[in-house]
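Below is one structure, written out as structure tokens; comments come after it.
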Amino acid sequence: MAGNIKVITGEMFSGKSKELSRLIERALIADLTVDVFYPVFSSRDSSRDIERRVAELRGSLTIMGVPDGSARALITLINPGADVVAIDEAQFFTHDLVDVVKKLRHDGKRVLIAGLDLDYQENPFGCMGALMCIADDVMKVHAVCTACKKSDAFISYRLSAESGQVVIGESNYTALCVECYDHVMMGKQERTTDYQTA
Ligand SMILES: [Zn+2]
């Protein structure tokens, strides 16, 4: 049977891991064998939301952390009998994940991928853009904006002052819509200008 690739993407708090675990549960009910992967880094602790979500599920399921988000390491960990390969936090994996996933589809695997589409500065995150291009199916999910509580959020806005693309921890972020994000960023700019002219 031919394989396929499905990508679930969106900002933080949008329910990506929840949707991924729902699809994993469906596969287990269908008696499929599922391998679940997430990246682990010695320098930081990731949230491992997916571990908590699949802990209750029954069936042929293996969940594994992949050191340094290395796609090459992921290949060596895949159980050859796995029908479904699920990858959470895919934005943290190395770019060769794209080739790995393509090969898995040719090998007849069903690949489920969840990850952030944008970083906190509105840039495409890691290999997520390329994964969306090669996917058979892409699903974008959205949180509700935490500022206006009306519009769909589009970005994980960083609350802490740290810079760098990767700062782990849900408490460091909130989900904002375009309008509220612009409003906050404009406020920041004004403060900077005031400071410079003072
Ligand atoms: Zn808003």
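Naming works like this for the structure tokens: A, B, ... for the chains as they're shown, residue 1 at the start of each chain, ligands 1 onward in shown order.
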Counting only C-alpha atoms and all ligand atoms, which residues of chain A sit at most 9 Å from some atom of ligand 1, and what is each one's closest atom pair with its distance in Å to one decimal, listed by chain and rising residue number, as a Markdown table?
```
| residue | atom | partner | partner_atom_place_in_ligand_line | distance |
| --- | --- | --- | --- | --- |
| A:Val144 | CA | ligand 1 | 1 (Zn) | 7.8 |
| A:Cys145 | CA | ligand 1 | 1 (Zn) | 4.6 |
| A:Thr146 | CA | ligand 1 | 1 (Zn) | 6.6 |
| A:Ala147 | CA | ligand 1 | 1 (Zn) | 5.0 |
| A:Cys148 | CA | ligand 1 | 1 (Zn) | 4.0 |
| A:Lys149 | CA | ligand 1 | 1 (Zn) | 6.1 |
| A:Lys150 | CA | ligand 1 | 1 (Zn) | 6.3 |
| A:Ser151 | CA | ligand 1 | 1 (Zn) | 5.4 |
| A:Asp152 | CA | ligand 1 | 1 (Zn) | 7.3 |
| A:Ala153 | CA | ligand 1 | 1 (Zn) | 6.7 |
| A:Ala175 | CA | ligand 1 | 1 (Zn) | 8.6 |
| A:Leu176 | CA | ligand 1 | 1 (Zn) | 5.4 |
| A:Cys177 | CA | ligand 1 | 1 (Zn) | 4.3 |
| A:Val178 | CA | ligand 1 | 1 (Zn) | 6.8 |
| A:Glu179 | CA | ligand 1 | 1 (Zn) | 5.8 |
| A:Cys180 | CA | ligand 1 | 1 (Zn) | 4.4 |
| A:Tyr181 | CA | ligand 1 | 1 (Zn) | 7.2 |
```
Include C-alpha atoms and write out the residues we just selected as a tab-separated table (two decimals), in the first residue's frame.
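Produced file result16.tsv, reproduced below:
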```
chain	number	residue	atom	x	y	z
A	144	VAL	CA	-8.08	31.94	19.87
A	145	CYS	CA	-6.19	35.23	20.29
A	146	THR	CA	-5.57	35.74	24.01
A	147	ALA	CA	-5.72	39.56	23.69
A	148	CYS	CA	-9.03	40.24	21.85
A	149	LYS	CA	-10.45	36.75	22.52
A	150	LYS	CA	-12.23	36.93	19.15
A	151	SER	CA	-9.95	36.33	16.17
A	152	ASP	CA	-7.93	33.28	15.25
A	153	ALA	CA	-4.35	33.59	16.47
A	175	ALA	CA	-1.14	33.25	20.97
A	176	LEU	CA	-2.03	36.52	19.17
A	177	CYS	CA	-4.01	37.42	16.03
A	178	VAL	CA	-2.47	39.67	13.35
A	179	GLU	CA	-4.20	42.82	14.60
A	180	CYS	CA	-3.24	42.35	18.26
A	181	TYR	CA	0.30	41.37	17.30
```
Write out as CSV a residue-level contact list of segment 21-120 of chain A versus segment 127-143 of chain A with cut-off 7 Å: for each qualifying residue the closest pair of atoms and the distance in Å to one decimal, counting only C-alpha atoms, rows sorted by chain and residue number upward.
```
residue,atom,partner,partner_atom,distance
A:Ala90,CA,A:Met128,CA,6.9
A:Gln91,CA,A:Met128,CA,5.7
A:His95,CA,A:Cys127,CA,5.3
A:Val98,CA,A:Leu131,CA,5.9
A:Gly115,CA,A:Met128,CA,6.9
A:Asp117,CA,A:Met128,CA,6.0
```
Q.
Report, in Å to a single decimal, how far apart atom CA of Thr62 of chain A and atom CA of Ala27 of chain A are.
A. 12.9 Å
Q: May I ask which of the residues A:Gly108, A:Val66, A:Glu89, A:Arg72 is the closest one to Met1 of chain A, counting only C-alpha atoms?
A: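 Among the listed residues, A:Gly108 lies closest to Met1 of chain A.
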Q: Output as a ChimeraX atom specification all residues of segment 63-197 of chain A that backbone DSSP marks as strand (DSSP E).
A: /A:63-67,84-87,110-116,137-140,155-158,173-176
Which residues of segment 56-135 of chain A come within 10 Å of segment 161-169 of chain A, and what is each one's closest atom pair and distance in Å (one decimal), counting only C-alpha atoms, sorted by chain and residue number, as JSON lines?
```
{"residue": "A:Phe92", "atom": "CA", "partner": "A:Val166", "partner_atom": "CA", "distance": 8.8}
{"residue": "A:Asp119", "atom": "CA", "partner": "A:Gln165", "partner_atom": "CA", "distance": 6.6}
{"residue": "A:Tyr120", "atom": "CA", "partner": "A:Gln165", "partner_atom": "CA", "distance": 7.2}
{"residue": "A:Gln121", "atom": "CA", "partner": "A:Gln165", "partner_atom": "CA", "distance": 8.1}
{"residue": "A:Asn123", "atom": "CA", "partner": "A:Gln165", "partner_atom": "CA", "distance": 9.5}
{"residue": "A:Phe125", "atom": "CA", "partner": "A:Gln165", "partner_atom": "CA", "distance": 8.7}
{"residue": "A:Gly126", "atom": "CA", "partner": "A:Gln165", "partner_atom": "CA", "distance": 9.9}
```
Q.
What's around Leu112 of chain A at 7 Å? Count only C-alpha atoms, leave out sequence neighbours fewer than 2 positions away in its own chain, and write the answer as number ranges by chain.
A. A: 5-7, 85-87, 110, 114
Keeping only all heavy atoms, write the selected residues to a file as a short mmCIF file (atom, residue, chain, number, x, y, z; two decimals), in the first residue's frame.
```
data_model
loop_
_atom_site.label_atom_id
_atom_site.label_comp_id
_atom_site.auth_asym_id
_atom_site.auth_seq_id
_atom_site.Cartn_x
_atom_site.Cartn_y
_atom_site.Cartn_z
N ILE A 5 1.62 11.47 3.55
CA ILE A 5 2.16 12.41 4.54
C ILE A 5 1.09 13.44 4.90
O ILE A 5 0.53 14.08 4.01
CB ILE A 5 3.39 13.15 3.96
CG1 ILE A 5 4.48 12.16 3.54
CG2 ILE A 5 3.94 14.17 4.96
CD1 ILE A 5 5.57 12.77 2.64
N LYS A 6 0.83 13.57 6.18
CA LYS A 6 -0.11 14.60 6.63
C LYS A 6 0.61 15.53 7.60
O LYS A 6 1.30 15.07 8.52
CB LYS A 6 -1.31 13.95 7.33
CG LYS A 6 -2.36 14.96 7.79
CD LYS A 6 -3.52 14.26 8.47
CE LYS A 6 -4.54 15.27 8.99
NZ LYS A 6 -5.55 15.64 7.98
N VAL A 7 0.47 16.83 7.39
CA VAL A 7 1.10 17.82 8.28
C VAL A 7 0.01 18.59 9.03
O VAL A 7 -0.95 19.06 8.42
CB VAL A 7 1.99 18.81 7.48
CG1 VAL A 7 2.45 19.97 8.36
CG2 VAL A 7 3.20 18.09 6.88
N VAL A 85 4.16 6.48 11.21
CA VAL A 85 5.27 7.18 11.87
C VAL A 85 4.77 8.59 12.19
O VAL A 85 4.46 9.36 11.28
CB VAL A 85 6.53 7.24 10.98
CG1 VAL A 85 7.63 8.06 11.64
CG2 VAL A 85 7.02 5.82 10.67
N ALA A 86 4.66 8.90 13.48
CA ALA A 86 4.18 10.22 13.90
C ALA A 86 5.35 11.01 14.46
O ALA A 86 6.17 10.50 15.22
CB ALA A 86 3.10 10.06 14.97
N ILE A 87 5.46 12.28 14.06
CA ILE A 87 6.58 13.13 14.48
C ILE A 87 6.01 14.41 15.07
O ILE A 87 5.32 15.16 14.37
CB ILE A 87 7.51 13.44 13.29
CG1 ILE A 87 8.02 12.13 12.65
CG2 ILE A 87 8.69 14.32 13.73
CD1 ILE A 87 8.62 12.30 11.27
N ARG A 110 2.49 5.57 6.65
CA ARG A 110 1.63 6.75 6.82
C ARG A 110 2.38 7.66 7.79
O ARG A 110 2.70 7.26 8.90
CB ARG A 110 0.31 6.28 7.40
CG ARG A 110 -0.59 7.41 7.73
CD ARG A 110 -2.06 7.05 7.56
NE ARG A 110 -2.78 8.31 7.56
CZ ARG A 110 -3.73 8.62 8.44
NH1 ARG A 110 -4.11 7.76 9.34
NH2 ARG A 110 -4.31 9.80 8.39
N ALA A 114 3.44 16.97 13.21
CA ALA A 114 2.91 18.18 13.85
C ALA A 114 4.07 19.11 14.15
O ALA A 114 5.16 18.66 14.53
CB ALA A 114 2.17 17.82 15.14
#
```
Q) Which is closer to Gly15 of chain A than all the others in A:Asp68, A:Asp31, A:Glu56, A:Asp88, using only C-alpha atoms? A)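 Selected residue with least distance to Gly15 of chain A: A:Asp88.
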Q: Could you pull out the residues in segment 28-127 of chain A that DSSP calls alpha helix (DSSP H) from the backbone, as a list in words?
A: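 Filtering segment 28-127 of chain A to alpha helix (DSSP H) leaves Leu28, Ile29, Asp49, Ile50, Glu51, Arg52, Arg53, Val54, Ala71, Arg72, Ala73, Leu74, Ile75, Thr76, Leu77, Leu97, Val98, Asp99, Val100, Val101, Lys102, Lys103, Leu104, Arg105 and His106 of chain A.
The space separating atom CA of Ser60 of chain A from atom CA of Leu32 of chain A comes to 7.0 Å.
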Q. So how far away is atom CA of Lys103 of chain A from atom CA of Ser17 of chain A, in Å?
A.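 Distance between the two atoms: 23.5 Å.
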Q.
Please list as a ChimeraX atom specification every residue within 12 Å of Ser21 of chain A, counting only C-alpha atoms and excluding residues in the same chain fewer than 2 positions away.
A. /A:8,15-19,23-28,34-36,49-57,61,63,86-88,112-114
